[in-house]
>>> print(open('protein_16.tsv').read())   # TSV, C-alpha atoms
chain	number	residue	atom	x	y	z
A	1	MET	CA	143.06	-27.05	34.92
A	2	SER	CA	142.57	-23.36	35.57
A	3	LEU	CA	140.15	-21.60	33.30
A	4	SER	CA	142.70	-18.83	32.88
A	5	LYS	CA	145.04	-21.33	31.22
A	6	PHE	CA	142.62	-22.28	28.47
A	7	ASP	CA	144.02	-19.47	26.35
A	8	ASN	CA	145.47	-15.99	26.69
A	9	TYR	CA	142.11	-14.26	26.42
A	10	LYS	CA	141.45	-12.18	29.53
A	11	MET	CA	138.13	-10.46	29.88
A	12	THR	CA	137.61	-7.15	31.57
A	13	GLY	CA	133.82	-7.16	31.39
A	14	ARG	CA	132.24	-4.52	29.19
A	15	ASP	CA	128.90	-3.62	30.66
A	16	TYR	CA	126.19	-1.02	30.47
A	17	MET	CA	125.61	0.75	33.76
A	18	SER	CA	122.43	2.47	34.84
A	19	ASN	CA	121.99	4.90	37.70
A	20	ASP	CA	118.45	3.97	38.74
A	21	SER	CA	117.52	2.56	42.16
A	22	PHE	CA	117.49	-1.09	41.10
A	23	SER	CA	120.51	-1.67	38.85
A	24	VAL	CA	122.82	-2.03	41.83
A	25	PHE	CA	121.17	-5.32	42.77
A	26	PHE	CA	121.87	-6.84	39.38
A	27	ASN	CA	125.47	-5.68	39.53
A	28	MET	CA	125.84	-7.22	43.00
A	29	MET	CA	125.21	-10.60	41.37
A	30	LYS	CA	128.09	-10.17	38.93
A	31	ILE	CA	131.29	-11.74	40.15
A	32	ARG	CA	134.33	-9.90	38.81
A	33	TYR	CA	135.98	-11.92	36.07
A	34	MET	CA	139.34	-12.00	37.85
A	35	ASP	CA	137.74	-13.25	41.08
A	36	TYR	CA	135.59	-15.80	39.25
A	37	ASP	CA	138.61	-16.99	37.28
A	38	ASN	CA	140.75	-17.31	40.40
A	39	SER	CA	138.07	-19.26	42.24
A	40	PHE	CA	138.26	-22.04	39.66
A	41	ASP	CA	142.00	-22.32	40.32
A	42	THR	CA	141.16	-23.73	43.77
A	43	PHE	CA	139.28	-26.75	42.43
A	44	PRO	CA	141.07	-30.04	41.67
A	45	ARG	CA	142.73	-30.30	38.29
A	46	GLY	CA	140.25	-31.50	35.69
A	47	THR	CA	137.17	-30.06	37.42
A	48	ILE	CA	136.54	-28.04	34.26
A	49	VAL	CA	138.46	-28.70	31.05
A	50	PRO	CA	138.33	-26.96	27.63
A	51	THR	CA	136.05	-29.64	26.12
A	52	ASP	CA	133.39	-29.30	28.83
A	53	LYS	CA	129.87	-28.06	28.25
A	54	ILE	CA	128.45	-25.78	30.93
A	55	ASN	CA	125.03	-25.01	32.39
A	56	LEU	CA	125.25	-21.70	34.29
A	57	PHE	CA	122.34	-21.03	36.67
A	58	ILE	CA	121.68	-17.51	37.99
A	59	ASN	CA	119.24	-17.18	40.87
A	60	LEU	CA	117.18	-14.17	39.78
A	61	GLU	CA	115.13	-14.38	42.95
A	62	SER	CA	118.27	-13.25	44.79
A	63	VAL	CA	118.10	-9.97	42.87
A	64	ILE	CA	114.39	-9.38	43.24
A	65	LEU	CA	114.37	-9.98	46.99
A	66	HIS	CA	116.93	-7.19	47.41
A	67	MET	CA	114.71	-4.82	45.42
A	68	THR	CA	112.13	-4.83	48.21
A	69	ASN	CA	114.69	-3.14	50.46
A	70	VAL	CA	114.73	0.02	48.36
A	71	GLN	CA	113.39	2.95	50.35
A	72	ASP	CA	109.98	4.07	49.03
A	73	VAL	CA	110.09	1.26	46.48
A	74	ASP	CA	106.45	1.85	45.53
A	75	LYS	CA	107.17	5.46	44.55
A	76	LYS	CA	110.40	4.57	42.76
A	77	VAL	CA	108.61	2.00	40.61
A	78	LEU	CA	106.02	4.55	39.56
A	79	THR	CA	108.26	7.57	39.05
A	80	GLU	CA	111.63	6.42	37.72
A	81	PRO	CA	111.78	6.85	33.93
A	82	ASP	CA	111.85	3.82	31.65
A	83	ILE	CA	111.96	1.45	34.61
A	84	THR	CA	110.61	-1.48	32.58
A	85	LYS	CA	113.28	-1.13	29.89
A	86	ARG	CA	116.01	-0.67	32.46
A	87	MET	CA	115.05	-3.82	34.35
A	88	ILE	CA	114.73	-5.94	31.22
A	89	SER	CA	118.13	-4.75	30.06
A	90	ASN	CA	119.61	-5.49	33.48
A	91	ILE	CA	118.21	-9.04	33.53
A	92	LEU	CA	119.59	-9.84	30.09
A	93	ASN	CA	122.94	-8.19	30.75
A	94	LEU	CA	123.34	-10.23	33.92
A	95	ALA	CA	123.11	-13.33	31.73
A	96	ALA	CA	125.50	-11.70	29.24
A	97	HIS	CA	128.09	-11.14	31.96
A	98	TYR	CA	128.43	-14.86	32.61
A	99	LYS	CA	127.94	-16.06	29.06
A	100	LYS	CA	130.86	-13.90	27.98
A	101	PHE	CA	133.05	-15.39	30.70
A	102	PHE	CA	132.48	-19.03	29.78
A	103	CYS	CA	132.13	-18.71	26.01
A	104	GLY	CA	135.22	-16.51	25.94
A	105	HIS	CA	137.11	-19.40	27.49
A	106	GLY	CA	135.90	-21.70	24.73
A	107	LEU	CA	133.19	-23.47	26.72
A	108	ASP	CA	129.84	-24.38	25.17
A	109	THR	CA	127.51	-22.59	27.61
A	110	GLN	CA	123.81	-22.43	28.38
A	111	ILE	CA	122.52	-19.73	30.73
A	112	PHE	CA	119.48	-20.29	32.96
A	113	LEU	CA	118.02	-17.40	34.93
A	114	TYR	CA	115.51	-18.88	37.38
A	115	MET	CA	113.10	-17.78	40.10
A	116	THR	CA	109.89	-18.65	41.89
A	117	ASP	CA	106.78	-16.97	40.49
A	118	LEU	CA	105.91	-14.03	42.74
A	119	ASN	CA	102.21	-14.97	42.68
A	120	SER	CA	102.81	-18.52	43.90
A	121	HIS	CA	100.63	-19.61	46.81
A	122	MET	CA	100.06	-23.39	46.55
A	123	PHE	CA	103.42	-24.97	47.34
A	124	ARG	CA	103.42	-28.73	47.88
A	125	GLU	CA	105.41	-28.19	51.10
A	126	ARG	CA	102.29	-26.60	52.60
A	127	ASP	CA	100.84	-30.07	52.99
A	128	TYR	CA	103.45	-30.42	55.74
A	129	ASP	CA	103.65	-26.80	56.94
A	130	GLU	CA	100.93	-24.40	55.85
A	131	ASP	CA	103.20	-21.40	56.42
A	132	TYR	CA	105.85	-22.50	53.92
A	133	ARG	CA	106.96	-19.45	51.90
A	134	SER	CA	104.17	-17.35	53.44
A	135	LEU	CA	106.67	-14.53	54.03
A	136	PHE	CA	107.56	-14.67	50.33
A	137	GLU	CA	103.88	-14.60	49.36
A	138	ASN	CA	103.04	-11.73	51.71
A	139	LYS	CA	106.12	-9.72	50.81
A	140	PHE	CA	105.16	-9.56	47.15
A	141	ASN	CA	101.37	-9.74	47.25
A	142	THR	CA	100.17	-8.26	50.55
A	143	ASN	CA	102.73	-5.64	51.52
A	144	ARG	CA	101.30	-2.51	49.92
A	145	GLN	CA	104.68	-0.91	49.42
A	146	ASN	CA	105.88	-3.90	47.35
A	147	VAL	CA	102.74	-4.56	45.30
A	148	PRO	CA	103.63	-2.02	42.55
A	149	LEU	CA	107.00	-3.77	42.17
A	150	THR	CA	105.29	-7.16	41.94
A	151	GLU	CA	102.88	-5.89	39.30
A	152	LEU	CA	105.69	-4.31	37.29
A	153	LEU	CA	107.71	-7.51	37.34
A	154	THR	CA	104.93	-10.02	36.72
A	155	GLN	CA	102.95	-8.03	34.16
A	156	ASP	CA	105.69	-6.30	32.17
A	157	VAL	CA	109.34	-6.98	32.96
A	158	LEU	CA	109.49	-10.76	33.31
A	159	PRO	CA	107.16	-11.65	30.40
A	160	GLN	CA	109.10	-9.37	28.04
A	161	ALA	CA	112.51	-10.54	29.26
A	162	LYS	CA	111.36	-14.13	28.92
A	163	GLU	CA	110.18	-13.55	25.36
A	164	ILE	CA	113.48	-11.94	24.36
A	165	CYS	CA	115.36	-14.91	25.86
A	166	GLU	CA	113.46	-17.22	23.53
A	167	PHE	CA	115.15	-15.54	20.58
A	168	LEU	CA	118.64	-15.68	22.11
A	169	PRO	CA	120.83	-18.76	21.65
A	170	ASP	CA	121.07	-20.81	24.84
A	171	VAL	CA	119.72	-18.15	27.21
A	172	HIS	CA	116.62	-19.07	29.20
A	173	LEU	CA	114.43	-17.48	31.88
A	174	ILE	CA	112.55	-20.05	33.97
A	175	VAL	CA	109.78	-18.99	36.37
A	176	THR	CA	108.25	-21.74	38.52
A	177	ARG	CA	104.66	-21.33	39.62
A	178	ASN	CA	103.87	-22.90	43.02
A	179	LEU	CA	107.21	-24.70	42.92
A	180	ASP	CA	110.30	-23.71	44.89
A	181	SER	CA	112.76	-22.66	42.20
A	182	SER	CA	115.67	-24.30	44.06
A	183	VAL	CA	114.79	-27.51	42.18
A	184	VAL	CA	115.43	-25.94	38.75
A	185	PRO	CA	119.19	-26.65	38.59
A	186	GLY	CA	118.54	-30.29	39.47
A	187	ILE	CA	115.82	-30.69	36.84
A	188	ILE	CA	117.89	-29.06	34.11
A	189	SER	CA	121.06	-30.96	35.03
A	190	LYS	CA	119.22	-34.26	34.56
A	191	ALA	CA	117.97	-33.06	31.17
A	192	TYR	CA	121.57	-32.36	30.10
A	193	PRO	CA	123.65	-35.09	31.81
A	194	ASP	CA	126.66	-34.38	29.58
A	195	ARG	CA	127.06	-30.87	31.02
A	196	LYS	CA	128.73	-29.57	34.16
A	197	ASN	CA	126.72	-27.16	36.26
A	198	CYS	CA	127.62	-23.85	37.92
A	199	ILE	CA	125.27	-21.86	40.15
A	200	VAL	CA	125.46	-18.21	41.23
A	201	THR	CA	123.13	-17.54	44.15
A	202	THR	CA	122.67	-15.75	47.47
A	203	ASP	CA	120.51	-18.61	48.78
A	204	TYR	CA	122.63	-20.84	51.04
A	205	ILE	CA	120.01	-23.61	50.81
A	206	GLU	CA	121.22	-24.13	47.23
A	207	THR	CA	124.75	-24.90	48.41
A	208	GLN	CA	123.44	-28.46	48.84
A	209	TYR	CA	124.13	-28.86	45.13
A	210	ALA	CA	127.84	-28.40	45.82
A	211	MET	CA	127.83	-31.89	47.33
A	212	ARG	CA	127.08	-33.34	43.89
A	213	ASN	CA	129.92	-34.32	41.61
A	214	ASN	CA	128.93	-32.18	38.63
A	215	PHE	CA	128.03	-28.94	40.45
A	216	ILE	CA	129.96	-25.84	41.51
A	217	VAL	CA	128.02	-23.31	43.62
A	218	HIS	CA	129.19	-19.74	44.15
A	219	LEU	CA	127.39	-18.35	47.18
A	220	LEU	CA	127.36	-14.56	47.27
A	221	HIS	CA	126.90	-12.57	50.43
A	222	ARG	CA	126.37	-8.99	49.37
A	223	THR	CA	125.72	-5.92	51.49
A	224	TYR	CA	126.46	-2.24	50.99
A	225	GLN	CA	129.37	-2.63	53.44
A	226	ARG	CA	131.04	-5.81	52.19
A	227	SER	CA	131.03	-8.45	49.51
A	228	LEU	CA	131.84	-12.12	50.14
A	229	ASN	CA	132.01	-14.98	47.66
A	230	ALA	CA	132.23	-18.62	48.81
A	231	TRP	CA	132.54	-21.54	46.40
A	232	ASN	CA	133.43	-24.57	48.52
A	233	ILE	CA	132.42	-26.08	51.85
A	234	ASN	CA	135.26	-24.35	53.70
A	235	GLY	CA	133.99	-21.00	52.42
A	236	TYR	CA	130.34	-21.77	53.18
A	237	PHE	CA	131.16	-22.74	56.75
A	238	GLU	CA	133.13	-19.54	57.28
A	239	LEU	CA	129.90	-17.70	56.52
A	240	PHE	CA	127.77	-19.99	58.69
A	241	PHE	CA	129.79	-20.00	61.92
A	242	SER	CA	133.10	-19.13	63.56
A	243	LYS	CA	136.26	-20.84	62.37
A	244	LYS	CA	136.87	-21.83	65.98
A	245	VAL	CA	134.11	-24.41	65.69
A	246	TRP	CA	135.84	-26.47	63.03
A	247	ASP	CA	139.21	-27.37	61.59
A	248	PRO	CA	139.02	-27.60	57.77
A	249	THR	CA	142.00	-29.95	57.67
A	250	THR	CA	140.19	-32.59	59.72
A	251	ASP	CA	136.58	-31.79	60.42
A	252	LEU	CA	135.40	-31.68	56.81
A	253	SER	CA	136.65	-35.14	55.92
A	254	PHE	CA	133.40	-36.76	57.04
A	255	ILE	CA	131.16	-34.70	54.76
A	256	GLY	CA	130.66	-37.39	52.15
A	257	ASN	CA	127.03	-36.93	51.21
A	258	GLU	CA	124.42	-34.30	50.68
A	259	ASN	CA	122.18	-35.37	53.57
A	260	LEU	CA	124.84	-34.84	56.26
A	261	TYR	CA	125.58	-31.38	54.91
A	262	THR	CA	121.86	-30.63	54.69
A	263	ALA	CA	121.43	-31.85	58.27
A	264	MET	CA	123.64	-28.99	59.40
A	265	ILE	CA	122.51	-26.10	57.23
A	266	CYS	CA	118.79	-26.84	57.74
A	267	CYS	CA	119.35	-25.77	61.34
A	268	LEU	CA	119.83	-22.23	60.00
A	269	GLY	CA	116.27	-22.18	58.68
A	270	SER	CA	115.31	-20.06	55.68
A	271	SER	CA	113.47	-16.80	56.26
A	272	ILE	CA	112.11	-16.47	52.72
A	273	ARG	CA	110.67	-19.99	53.07
A	274	SER	CA	109.23	-19.12	56.50
A	275	VAL	CA	111.33	-21.83	58.13
A	276	SER	CA	112.77	-20.73	61.48
A	277	PRO	CA	116.18	-21.79	62.77
A	278	THR	CA	116.02	-24.85	64.99
A	279	LYS	CA	115.29	-24.06	68.62
A	280	SER	CA	117.93	-24.70	71.29
A	281	VAL	CA	120.31	-26.35	68.79
A	282	GLY	CA	122.20	-24.17	66.30
A	283	ILE	CA	124.46	-25.13	63.44
A	284	ALA	CA	127.61	-25.20	65.61
A	285	THR	CA	126.03	-27.60	68.11
A	286	THR	CA	124.61	-29.71	65.27
A	287	PHE	CA	128.08	-29.85	63.76
A	288	ARG	CA	129.50	-31.29	66.98
A	289	MET	CA	126.61	-33.73	67.32
A	290	VAL	CA	127.15	-35.01	63.79
A	291	LYS	CA	130.85	-35.52	64.54
A	292	ASN	CA	130.04	-37.39	67.76
A	293	ALA	CA	127.45	-39.58	66.01
A	294	LEU	CA	130.04	-40.48	63.39
A	295	ASN	CA	132.69	-41.22	66.02
A	296	ASN	CA	130.22	-43.43	67.91
A	297	ALA	CA	129.18	-45.19	64.66
A	298	ASP	CA	125.54	-44.11	65.15
A	299	ILE	CA	125.69	-42.92	61.55
A	300	THR	CA	128.19	-43.22	58.71
A	301	PRO	CA	129.32	-40.72	56.05
A	302	HIS	CA	126.83	-42.47	53.76
A	303	THR	CA	123.75	-42.32	55.99
A	304	GLU	CA	120.63	-41.14	54.17
A	305	SER	CA	117.81	-42.26	56.48
A	306	LEU	CA	116.01	-39.32	58.09
A	307	ASP	CA	115.22	-41.48	61.13
A	308	LEU	CA	118.91	-42.19	61.66
A	309	LEU	CA	119.80	-38.53	61.17
A	310	ARG	CA	117.09	-37.56	63.63
A	311	GLY	CA	118.78	-39.87	66.14
A	312	ILE	CA	121.68	-37.43	66.26
A	313	PHE	CA	119.46	-35.33	68.54
A	314	LYS	CA	118.48	-38.21	70.87
A	315	SER	CA	119.15	-36.07	73.93
A	316	SER	CA	116.28	-33.72	73.06
A	317	ASN	CA	112.94	-34.63	71.47
A	318	GLU	CA	112.26	-30.94	70.79
A	319	ALA	CA	115.54	-30.56	68.93
A	320	ALA	CA	114.87	-33.76	66.98
A	321	ASP	CA	111.39	-32.55	66.02
A	322	ASN	CA	112.72	-29.14	64.95
A	323	PHE	CA	115.45	-30.79	62.91
A	324	GLU	CA	113.05	-33.15	61.12
A	325	HIS	CA	110.65	-30.29	60.37
A	326	ASN	CA	113.38	-28.18	58.78
A	327	PHE	CA	114.96	-31.09	56.95
A	328	ARG	CA	111.67	-32.06	55.31
A	329	LEU	CA	111.16	-28.49	54.10
A	330	LEU	CA	114.71	-27.54	53.09
A	331	SER	CA	116.30	-30.70	51.72
A	332	ILE	CA	116.62	-30.36	47.94
A	333	ASN	CA	116.87	-34.14	47.71
A	334	ARG	CA	113.43	-34.44	49.27
A	335	LYS	CA	112.01	-31.70	47.07
A	336	GLU	CA	113.23	-33.61	44.01
A	337	ASP	CA	111.73	-36.86	45.31
A	338	ASN	CA	108.36	-35.11	45.54
A	339	LEU	CA	108.43	-33.67	42.01
A	340	SER	CA	105.66	-34.83	39.72
A	341	ASP	CA	106.08	-35.47	36.01
A	342	GLU	CA	103.99	-32.36	35.47
A	343	ASP	CA	106.38	-30.27	37.59
A	344	VAL	CA	109.34	-31.39	35.51
A	345	PHE	CA	107.44	-30.84	32.25
A	346	LYS	CA	106.49	-27.28	33.22
A	347	VAL	CA	110.13	-26.42	33.81
A	348	LYS	CA	111.47	-28.04	30.64
A	349	ASN	CA	108.63	-26.59	28.58
A	350	GLN	CA	109.99	-23.09	29.23
A	351	LEU	CA	113.13	-23.82	27.24
A	352	ALA	CA	113.04	-22.39	23.73
A	353	ASN	CA	115.56	-21.44	21.05
A	354	ARG	CA	113.74	-19.44	18.37
A	355	ILE	CA	116.85	-17.56	17.33
A	356	ASP	CA	116.24	-14.30	15.48
A	357	THR	CA	119.30	-12.10	15.76
A	358	ASN	CA	118.17	-9.52	13.21
A	359	SER	CA	114.99	-8.75	15.13
A	360	LEU	CA	116.97	-8.41	18.34
A	361	ILE	CA	119.40	-5.99	16.73
A	362	LYS	CA	116.48	-3.86	15.58
A	363	LEU	CA	114.93	-4.03	19.06
A	364	ASN	CA	118.22	-2.91	20.56
A	365	GLU	CA	118.49	0.02	18.17
A	366	THR	CA	114.97	1.22	18.93
A	367	THR	CA	113.30	0.16	22.19
A	368	PHE	CA	116.55	-0.33	24.13
A	369	ARG	CA	118.58	2.39	22.47
A	370	SER	CA	119.16	4.20	25.77
A	371	TYR	CA	119.67	0.98	27.78
A	372	PRO	CA	121.42	-1.39	25.37
A	373	ILE	CA	121.21	-5.13	25.71
A	374	MET	CA	124.62	-6.77	25.38
A	375	LEU	CA	123.68	-8.72	22.26
A	376	GLU	CA	127.25	-9.40	21.21
A	377	GLU	CA	127.86	-11.24	24.48
A	378	LEU	CA	124.45	-12.91	24.59
A	379	THR	CA	124.88	-14.37	21.11
A	380	MET	CA	128.44	-15.52	21.67
A	381	HIS	CA	129.57	-19.00	20.77
A	382	PRO	CA	132.69	-20.64	22.21
A	383	ASN	CA	135.90	-18.81	21.24
A	384	THR	CA	134.10	-15.94	19.49
A	385	ARG	CA	135.59	-12.56	20.36
>>> encode(input="protein_16.tsv", output="structure tokens")
Amino acid sequence: MSLSKFDNYKMTGRDYMSNDSFSVFFNMMKIRYMDYDNSFDTFPRGTIVPTDKINLFINLESVILHMTNVQDVDKKVLTEPDITKRMISNILNLAAHYKKFFCGHGLDTQIFLYMTDLNSHMFRERDYDEDYRSLFENKFNTNRQNVPLTELLTQDVLPQAKEICEFLPDVHLIVTRNLDSSVVPGIISKAYPDRKNCIVTTDYIETQYAMRNNFIVHLLHRTYQRSLNAWNINGYFELFFSKKVWDPTTDLSFIGNENLYTAMICCLGSSIRSVSPTKSVGIATTFRMVKNALNNADITPHTESLDLLRGIFKSSNEAADNFEHNFRLLSINRKEDNLSDEDVFKVKNQLANRIDTNSLIKLNETTFRSYPIMLEELTMHPNTR
């Protein structure tokens, strides 16, 4: 059932705009209500129904990575007025944008903003590849131009935004130290098995979640020139390679599990994770090799064994080695298998609901008077207007 058919309430999206150098990146993560609404029309009937409960995950790392592209970012951080207040307001209003959409349609909704701690440097993946996320670490901690931004975020903006979230109903900010934040939606979804899960991200590695029954992943591709929004495998593949490589009416029928999908996208690598694209074999070639392996019964749509998947590249040991390297580092399934009880506890322990609306109203009237937080939207319950 289309979300737009839940009731006659159509939202236009009241928002508070700011003309500083960084607000644009928060706004780039906001899907227009009409577009978001229409995207749900394309899913099978019953994908989301009025009685559903929703977890909405917003990849905040997607926003922060774009901030490093601001010209003279170090000077902007130090000279733009009220930059801390502006950023906190922007973070919270990004959550408000999506909470208003779902709650306005009568859906019980929890919002989770999530990101990897910018000071992380001891990722478990480094036991396999010592360079894992080294670009991320250097970008925020070594690059002199970005260090003021890192300090602003880690010392002021994120701690304050996180504290405010604790007093908002069902709005959370999760920061994972030394843990790739791509595992957060999986951890939270297991903690709330009765909820359906939606993700808004620019990280195509997280589209692996779309292969799971209770996940919908909107992948945003935003530049100053164009804006693309993909929410199913057809759309993802249009972003990954030419339509000439595949026929969506036939070629996608074999994608029956997460590992086969991961086998293809891991060939793209992940720059922020310091994982290079596979050498000599790109995603288009891998796509054809997967199809051939299926046709020859070397694998099945249900194959999960890494050794069997590696066999797809039997014509080239180098390609097989590259594939296995990337798969071990980029497969969310494997990341979840390697989670410790402590990892899971540290994520869940960041969830808090110490609701205090009166204090937030006062804060909005004083500290954030010039850059209002959308408290009405952030405190919404299903069907409240």
>>> closest_residue(input="protein_16.tsv", among="A:Lys279, A:Asp194, A:Asn19, A:Leu363", to="A:Ala320", atoms="only C-alpha atoms")
A:Lys279
>>> atom_distance(input="protein_16.tsv", atom1="atom CA of A:Thr154", atom2="atom CA of A:Asn197")
27.7 Å
>>> atom_distance(input="protein_16.tsv", atom1="atom CA of A:Thr379", atom2="atom CA of A:Gln155")
26.3 Å
>>> atom_distance(input="protein_16.tsv", atom1="atom CA of A:Glu137", atom2="atom CA of A:His121")
6.5 Å
>>> closest_residue(input="protein_16.tsv", among="A:Tyr128, A:Phe241, A:Tyr261, A:Phe167", to="A:Thr285", atoms="all atoms listed in the file")
A:Phe241
>>> closest_atom_pairs(input="protein_16.tsv", of="stretch 257-299 of chain A", to="stretch 225-240 of chain A", cutoff="9 Å", atoms="all atoms listed in the file", output="tab-separated table")
residue	atom	partner	partner_atom	distance
A:Ile265	CA	A:Phe240	CA	8.2
A:Leu268	CA	A:Phe240	CA	8.4
A:Ile283	CA	A:Phe240	CA	7.7
A:Ala284	CA	A:Phe240	CA	8.7
>>> write_last_selection(input="protein_16.tsv", atoms="C-alpha atoms", output="PDB file, keeping the file's coordinate frame")
ATOM      1  CA  ILE A 265     122.510 -26.100  57.230  1.00  0.00           C
ATOM      2  CA  LEU A 268     119.830 -22.230  60.000  1.00  0.00           C
ATOM      3  CA  ILE A 283     124.460 -25.130  63.440  1.00  0.00           C
ATOM      4  CA  ALA A 284     127.610 -25.200  65.610  1.00  0.00           C
TER       5      ALA A 284
END
>>> closest_residue(input="protein_16.tsv", among="A:Leu113, A:Leu351, A:Ile361, A:Cys267", to="A:Ala319", atoms="all atoms listed in the file")
A:Cys267
>>> closest_residue(input="protein_16.tsv", among="A:Leu330, A:Pro382, A:Thr278, A:Arg124", to="A:Asp52", atoms="all atoms listed in the file")
A:Pro382
>>> residues_around(input="protein_16.tsv", residues="A:Met67", least_positions_apart="2", cutoff="10 Å", atoms="all atoms listed in the file", output="PyMOL selection string")
chain A and resi 21-26+61-65+69-71+73+146+149
>>> closest_residue(input="protein_16.tsv", among="A:Arg273, A:Ser370, A:Met264, A:Leu360", to="A:Phe123", atoms="only C-alpha atoms")
A:Arg273
>>> residues_near_point(input="protein_16.tsv", point="(118.8, -4.6, 17.9)", cutoff="12 Å", atoms="all atoms listed in the file", output="VMD selection string")
chain A and resid 164 167 to 168 356 to 376 379
